[in-house]
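Shown next: target-v6.txt, containing compact mmCIF, C-alpha atoms.
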```
# COMPACT_ATOMS: atom_id res chain seq x y z
CA MET A 10 -28.14 15.98 -10.43
CA ASN A 11 -25.03 13.79 -10.40
CA GLU A 12 -23.41 16.08 -7.83
CA LEU A 13 -26.47 15.83 -5.58
CA GLU A 14 -26.54 12.05 -5.92
CA THR A 15 -22.80 11.85 -5.14
CA ALA A 16 -23.25 14.09 -2.10
CA LEU A 17 -26.08 11.92 -0.78
CA ASN A 18 -24.18 8.67 -1.42
CA SER A 19 -21.16 10.03 0.47
CA ASN A 20 -23.25 10.20 3.67
CA ALA A 21 -22.26 7.22 5.86
CA MET A 22 -25.89 6.66 6.94
CA ILE A 23 -27.13 6.19 3.37
CA LYS A 24 -26.87 2.83 1.61
CA LYS A 25 -28.03 4.06 -1.80
CA ALA A 26 -29.43 7.30 -3.23
CA GLU A 27 -30.90 8.08 -6.63
CA VAL A 28 -31.80 11.58 -7.78
CA PHE A 29 -34.02 12.10 -10.82
CA ILE A 30 -36.47 14.48 -12.45
CA SER A 31 -40.00 13.12 -12.74
CA VAL A 32 -42.23 13.41 -15.80
CA ASN A 33 -43.89 16.58 -14.47
CA GLY A 34 -40.49 18.23 -13.90
CA GLU A 35 -40.11 17.75 -10.13
CA LEU A 36 -36.74 16.90 -8.66
CA SER A 37 -37.02 13.69 -6.62
CA ALA A 38 -34.67 11.56 -4.57
CA GLU A 39 -35.02 7.95 -3.50
CA ILE A 40 -32.87 7.14 -0.49
CA GLU A 41 -32.25 3.77 1.13
CA GLN A 42 -30.89 4.05 4.66
CA LYS A 43 -28.31 1.67 6.13
CA ARG A 44 -29.71 -0.71 8.78
CA PRO A 45 -27.59 -1.38 11.89
CA ILE A 46 -27.38 -4.97 13.25
CA ALA A 47 -24.77 -4.46 16.01
CA ARG A 48 -23.17 -1.61 17.95
CA VAL A 49 -19.43 -1.75 18.58
CA SER A 50 -18.42 -0.23 21.90
CA THR A 51 -14.65 -0.14 22.28
CA ASN A 52 -12.55 3.03 22.48
CA VAL A 53 -14.63 4.22 19.48
CA SER A 54 -18.35 3.49 19.15
CA TYR A 55 -20.10 2.79 15.84
CA TYR A 56 -22.61 0.43 14.24
CA ILE A 57 -22.07 -2.51 11.90
CA ASP A 58 -24.71 -2.42 9.17
CA ASP A 59 -26.49 -5.37 7.54
CA GLU A 60 -23.76 -5.58 4.87
CA GLY A 61 -20.88 -5.71 7.36
CA SER A 62 -19.77 -2.12 6.86
CA TYR A 63 -18.98 0.67 9.31
CA MET A 64 -21.88 2.97 10.14
CA PRO A 65 -21.53 6.00 12.46
CA LEU A 66 -23.74 6.49 15.51
CA SER A 67 -26.69 8.81 15.10
CA SER A 68 -27.32 11.71 17.47
CA ASN A 69 -31.06 11.31 16.82
CA TYR A 70 -31.58 7.56 17.11
CA ALA A 71 -30.23 4.58 19.09
CA ALA A 72 -30.85 1.19 17.51
CA ARG A 73 -31.83 -1.72 19.76
CA VAL A 74 -29.10 -4.09 18.64
CA PRO A 75 -26.52 -6.25 20.46
CA LEU A 76 -23.51 -4.45 21.91
CA VAL A 77 -20.15 -5.67 20.57
CA THR A 78 -17.18 -5.52 22.94
CA GLY A 79 -13.70 -6.96 23.23
CA ASN A 80 -10.91 -7.02 20.68
CA VAL A 81 -12.76 -5.49 17.71
CA LYS A 82 -10.98 -3.61 14.92
CA LYS A 83 -12.86 -1.46 12.41
CA ASN A 84 -10.87 -3.01 9.54
CA ASN A 85 -11.61 -6.60 10.68
CA LEU A 86 -15.33 -6.92 11.44
CA GLU A 87 -15.94 -10.16 9.53
CA THR A 88 -16.24 -12.61 12.46
CA VAL A 89 -18.45 -10.32 14.52
CA PHE A 90 -20.51 -9.43 11.44
CA GLN A 91 -21.16 -13.10 10.54
CA PHE A 92 -22.50 -13.85 14.03
CA ALA A 93 -24.42 -10.56 14.30
CA LYS A 94 -26.09 -11.37 10.97
CA VAL A 95 -27.19 -14.78 12.29
CA VAL A 96 -28.54 -13.08 15.45
CA ASP A 97 -30.38 -10.48 13.35
CA GLU A 98 -32.00 -13.14 11.15
CA ASP A 99 -33.01 -15.51 13.99
CA GLU A 100 -36.09 -14.51 15.99
CA PHE A 101 -34.97 -16.33 19.19
CA LEU A 102 -31.43 -14.93 19.15
CA LYS A 103 -32.60 -11.44 18.20
CA LYS A 104 -34.87 -11.43 21.23
CA HIS A 105 -32.26 -12.78 23.69
CA VAL A 106 -28.69 -11.78 22.68
CA VAL A 107 -27.64 -8.45 24.24
CA GLU A 108 -23.84 -8.56 23.98
CA ILE A 109 -21.30 -10.15 21.64
CA ARG A 110 -17.68 -10.24 22.79
CA GLN A 111 -14.76 -10.94 20.47
CA ASN A 112 -11.85 -12.39 22.43
CA ASP A 113 -8.15 -11.85 21.67
CA ASP A 114 -8.02 -15.21 19.82
CA ASN A 115 -10.99 -14.17 17.59
CA THR A 116 -13.39 -16.57 19.33
CA LEU A 117 -16.78 -15.22 20.35
CA ASP A 118 -18.77 -15.12 23.57
CA PHE A 119 -22.24 -13.71 24.02
CA LYS A 120 -24.58 -12.77 26.83
CA ILE A 121 -28.34 -13.02 26.88
CA ARG A 122 -31.11 -10.91 28.35
CA LYS A 123 -32.25 -11.66 31.94
CA SER A 124 -29.38 -14.09 32.69
CA ASP A 125 -25.89 -13.40 33.96
CA PHE A 126 -24.01 -16.33 32.42
CA THR A 127 -21.62 -16.07 29.48
CA VAL A 128 -22.07 -18.29 26.45
CA HIS A 129 -18.75 -19.30 24.86
CA LEU A 130 -19.40 -19.82 21.15
CA GLY A 131 -15.80 -20.43 20.09
CA THR A 132 -15.27 -20.10 16.35
CA LEU A 133 -17.98 -19.79 13.72
CA LYS A 134 -17.36 -23.35 12.56
CA MET A 135 -20.66 -25.31 12.58
CA LEU A 136 -22.47 -22.18 13.79
CA SER A 137 -26.02 -23.35 13.02
CA LYS A 138 -25.46 -26.56 15.03
CA LYS A 139 -24.10 -24.54 17.97
CA VAL A 140 -27.09 -22.19 17.80
CA ASN A 141 -29.51 -25.14 17.75
CA ASN A 142 -27.68 -26.75 20.71
CA PHE A 143 -27.98 -23.48 22.64
CA LYS A 144 -31.69 -23.13 21.87
CA ALA A 145 -32.33 -26.70 23.07
CA PHE A 146 -30.30 -26.08 26.25
CA TYR A 147 -32.03 -22.74 26.91
CA GLN A 148 -35.54 -24.09 26.49
CA LYS A 149 -34.87 -27.07 28.80
CA ALA A 150 -33.04 -24.99 31.44
CA PHE A 151 -35.71 -22.27 31.30
CA LYS A 152 -38.47 -24.84 31.74
CA ASP A 153 -36.62 -26.42 34.70
CA LYS A 154 -35.90 -22.91 36.13
CA ILE A 155 -32.15 -23.57 36.40
CA LEU A 156 -30.76 -20.87 34.09
CA ASP A 157 -29.49 -18.85 37.07
CA ASN A 158 -27.38 -21.79 38.30
CA TYR A 159 -24.73 -21.31 35.61
CA LYS A 160 -21.86 -18.89 35.06
CA LEU A 161 -20.59 -20.32 31.73
CA VAL A 162 -22.23 -22.25 28.90
CA ASN A 163 -19.70 -23.63 26.43
CA LEU A 164 -20.85 -24.42 22.87
CA LYS A 165 -17.46 -24.93 21.24
CA PHE A 166 -17.76 -28.73 21.17
CA ASP A 167 -19.74 -30.58 18.54
CA LYS A 168 -22.24 -32.83 20.26
CA GLN A 169 -22.50 -31.31 23.71
CA VAL A 170 -23.21 -28.18 25.72
CA ILE A 171 -20.90 -27.91 28.72
CA CYS A 172 -22.11 -25.79 31.63
CA THR A 173 -20.09 -24.49 34.58
CA LYS A 174 -22.10 -23.90 37.72
CA LYS A 175 -21.70 -20.78 39.87
```
If you took the structure in this file and wrote it as structure tokens, what would it be?
Amino acid sequence: MNELETALNSNAMIKKAEVFISVNGELSAEIEQKRPIARVSTNVSYYIDDEGSYMPLSSNYAARVPLVTGNVKKNNLETVFQFAKVVDEDEFLKKHVVEIRQNDDNTLDFKIRKSDFTVHLGTLKMLSKKVNNFKAFYQKAFKDKILDNYKLVNLKFDKQVICTKK
């Protein structure tokens, strides 16, 4: 049984596996699958799971998660993971964010569905404030039908959202 459990746990798609014999003598296995929250697409493609770990792509299933591009290294996923986790846990961001880009200086940009502007997030410092600033900007700009007027939305400053027009 231990060998079977070890074999299951060595699968990169499985978070946790337990193998046991039930009271009536049947061999049973409880398996918890990893859950992807972002898909890295650089020279090698893979998922980042909800614990920040590497997860291989599946030939049977494609998760609807943000695409991660830019300067991303498999051994340094922390910055991208922290933002992807916030996106995954926030209903508004989960619905709108389609791409996360890590720049050479480890700052982050993201793109949203149905708009062609880039949002420059900067660092993760004061992330919840930046997210709230973006939500307020988005709702106002959407209501005024001016989202398509911008090519860059910069959130890296504390008390303001700076927009560059097309």
Please list as an mmCIF file with C-alpha atoms, in the coordinates of the input every residue within 6 Å of Lys120 (chain A), counting only C-alpha atoms and excluding residues in the same chain fewer than 2 positions away.
```cif
data_model
loop_
_atom_site.group_PDB
_atom_site.id
_atom_site.type_symbol
_atom_site.label_atom_id
_atom_site.label_comp_id
_atom_site.auth_asym_id
_atom_site.auth_seq_id
_atom_site.Cartn_x
_atom_site.Cartn_y
_atom_site.Cartn_z
ATOM 1 C CA VAL A 106 -28.690 -11.780 22.680
ATOM 2 C CA VAL A 107 -27.640 -8.450 24.240
ATOM 3 C CA GLU A 108 -23.840 -8.560 23.980
ATOM 4 C CA THR A 127 -21.620 -16.070 29.480
#
```
**Q.** Pick from A:Val32, A:Ala38, A:Thr116, A:Val170, whichever lies nearest to Thr15 (chain A) using all atoms listed in the file
**A.**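 Once distances to Thr15 (chain A) are computed over all atoms listed in the file, the minimum belongs to A:Ala38.
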Q: Do a neighbour search on Ile121 (chain A) at 12 Å with only C-alpha atoms, toss out local chain neighbours closer than 3 positions, and write the hits as a ChimeraX atom specification.
A: /A:75-76,96,101-110,118,124-129,143-144,147,156-157,160-162
Q: May I ask which of the residues A:Glu41, A:Asp167, A:Glu100, A:Asp114 is the closest one to Thr88 (chain A), counting all atoms listed in the file?
A: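 Checking each of A:Glu41, A:Asp167, A:Glu100, A:Asp114 against Thr88 (chain A), counting all atoms listed in the file, the winner is A:Asp114.
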Q: Write out as a ChimeraX atom specification each polymer residue whose atoms come within 10 Å of Leu136 (chain A), counting only C-alpha atoms; drop sequence neighbours fewer than 6 positions from it.
A: /A:91-92,95,130,142,164-165
Q) Could you work out how far CA of Phe29 (chain A) lies from CA of Glu14 (chain A), giving the answer in Å with one decimal? A)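 Going from CA of Glu14 (chain A) over to CA of Phe29 (chain A), I get 8.9 Å.
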Q: Using all atoms listed in the file, determine which residues lie at most 10 Å from Val49 (chain A), disregarding the query and same-chain residues fewer than 6 positions distant; provide the list as a PyMOL selection string.
A: chain A and resi 55-57+63-64+66+74-79+81-83+86+89+108-110
Q) What does the distance from CA of Ile23 (chain A) to CA of Asp99 (chain A) come to in Å, to one decimal? A) 24.9 Å
Q) CA of Ala93 (chain A) and CA of Asn20 (chain A) are how many Å apart? A)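 Answer for the CA of Ala93 (chain A) to CA of Asn20 (chain A) separation: 23.4 Å.
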Only N, CA, C and O atoms needed: put region 137-152 of chain A from the block into a file as an mmCIF file, in the first residue's frame.
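Okay, this is what ended up in result27.cif:
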```cif
data_model
loop_
_atom_site.group_PDB
_atom_site.id
_atom_site.type_symbol
_atom_site.label_atom_id
_atom_site.label_comp_id
_atom_site.auth_asym_id
_atom_site.auth_seq_id
_atom_site.Cartn_x
_atom_site.Cartn_y
_atom_site.Cartn_z
ATOM 1 N N SER A 137 -3.402 45.408 -2.394
ATOM 2 C CA SER A 137 -4.863 45.522 -2.262
ATOM 3 C C SER A 137 -5.328 46.937 -2.579
ATOM 4 O O SER A 137 -6.387 47.129 -3.177
ATOM 5 N N LYS A 138 -4.539 47.946 -2.222
ATOM 6 C CA LYS A 138 -4.890 49.339 -2.551
ATOM 7 C C LYS A 138 -4.849 49.543 -4.062
ATOM 8 O O LYS A 138 -5.738 50.177 -4.640
ATOM 9 N N LYS A 139 -3.827 48.993 -4.719
ATOM 10 C CA LYS A 139 -3.721 49.110 -6.179
ATOM 11 C C LYS A 139 -4.902 48.433 -6.866
ATOM 12 O O LYS A 139 -5.455 48.967 -7.827
ATOM 13 N N VAL A 140 -5.283 47.265 -6.368
ATOM 14 C CA VAL A 140 -6.412 46.537 -6.945
ATOM 15 C C VAL A 140 -7.694 47.348 -6.778
ATOM 16 O O VAL A 140 -8.488 47.485 -7.715
ATOM 17 N N ASN A 141 -7.893 47.918 -5.594
ATOM 18 C CA ASN A 141 -9.091 48.730 -5.356
ATOM 19 C C ASN A 141 -9.094 49.975 -6.250
ATOM 20 O O ASN A 141 -10.146 50.373 -6.759
ATOM 21 N N ASN A 142 -7.921 50.613 -6.423
ATOM 22 C CA ASN A 142 -7.815 51.770 -7.320
ATOM 23 C C ASN A 142 -8.192 51.370 -8.746
ATOM 24 O O ASN A 142 -8.892 52.100 -9.441
ATOM 25 N N PHE A 143 -7.714 50.196 -9.187
ATOM 26 C CA PHE A 143 -8.023 49.743 -10.537
ATOM 27 C C PHE A 143 -9.517 49.477 -10.694
ATOM 28 O O PHE A 143 -10.121 49.840 -11.705
ATOM 29 N N LYS A 144 -10.123 48.826 -9.707
ATOM 30 C CA LYS A 144 -11.555 48.533 -9.784
ATOM 31 C C LYS A 144 -12.361 49.829 -9.892
ATOM 32 O O LYS A 144 -13.297 49.921 -10.695
ATOM 33 N N ALA A 145 -12.001 50.829 -9.087
ATOM 34 C CA ALA A 145 -12.705 52.118 -9.123
ATOM 35 C C ALA A 145 -12.534 52.774 -10.497
ATOM 36 O O ALA A 145 -13.504 53.266 -11.089
ATOM 37 N N PHE A 146 -11.296 52.778 -11.014
ATOM 38 C CA PHE A 146 -11.040 53.336 -12.342
ATOM 39 C C PHE A 146 -11.857 52.592 -13.396
ATOM 40 O O PHE A 146 -12.512 53.209 -14.237
ATOM 41 N N TYR A 147 -11.817 51.264 -13.363
ATOM 42 C CA TYR A 147 -12.485 50.457 -14.381
ATOM 43 C C TYR A 147 -13.986 50.728 -14.395
ATOM 44 O O TYR A 147 -14.582 50.925 -15.458
ATOM 45 N N GLN A 148 -14.590 50.732 -13.213
ATOM 46 C CA GLN A 148 -16.040 50.923 -13.154
ATOM 47 C C GLN A 148 -16.451 52.296 -13.670
ATOM 48 O O GLN A 148 -17.427 52.426 -14.401
ATOM 49 N N LYS A 149 -15.668 53.326 -13.346
ATOM 50 C CA LYS A 149 -15.969 54.685 -13.825
ATOM 51 C C LYS A 149 -15.748 54.777 -15.333
ATOM 52 O O LYS A 149 -16.589 55.297 -16.069
ATOM 53 N N ALA A 150 -14.603 54.270 -15.814
ATOM 54 C CA ALA A 150 -14.285 54.349 -17.245
ATOM 55 C C ALA A 150 -15.249 53.505 -18.067
ATOM 56 O O ALA A 150 -15.629 53.889 -19.177
ATOM 57 N N PHE A 151 -15.671 52.362 -17.530
ATOM 58 C CA PHE A 151 -16.632 51.505 -18.229
ATOM 59 C C PHE A 151 -17.978 52.217 -18.351
ATOM 60 O O PHE A 151 -18.602 52.219 -19.407
ATOM 61 N N LYS A 152 -18.393 52.834 -17.249
ATOM 62 C CA LYS A 152 -19.671 53.545 -17.229
ATOM 63 C C LYS A 152 -19.653 54.706 -18.226
ATOM 64 O O LYS A 152 -20.629 54.959 -18.931
#
```
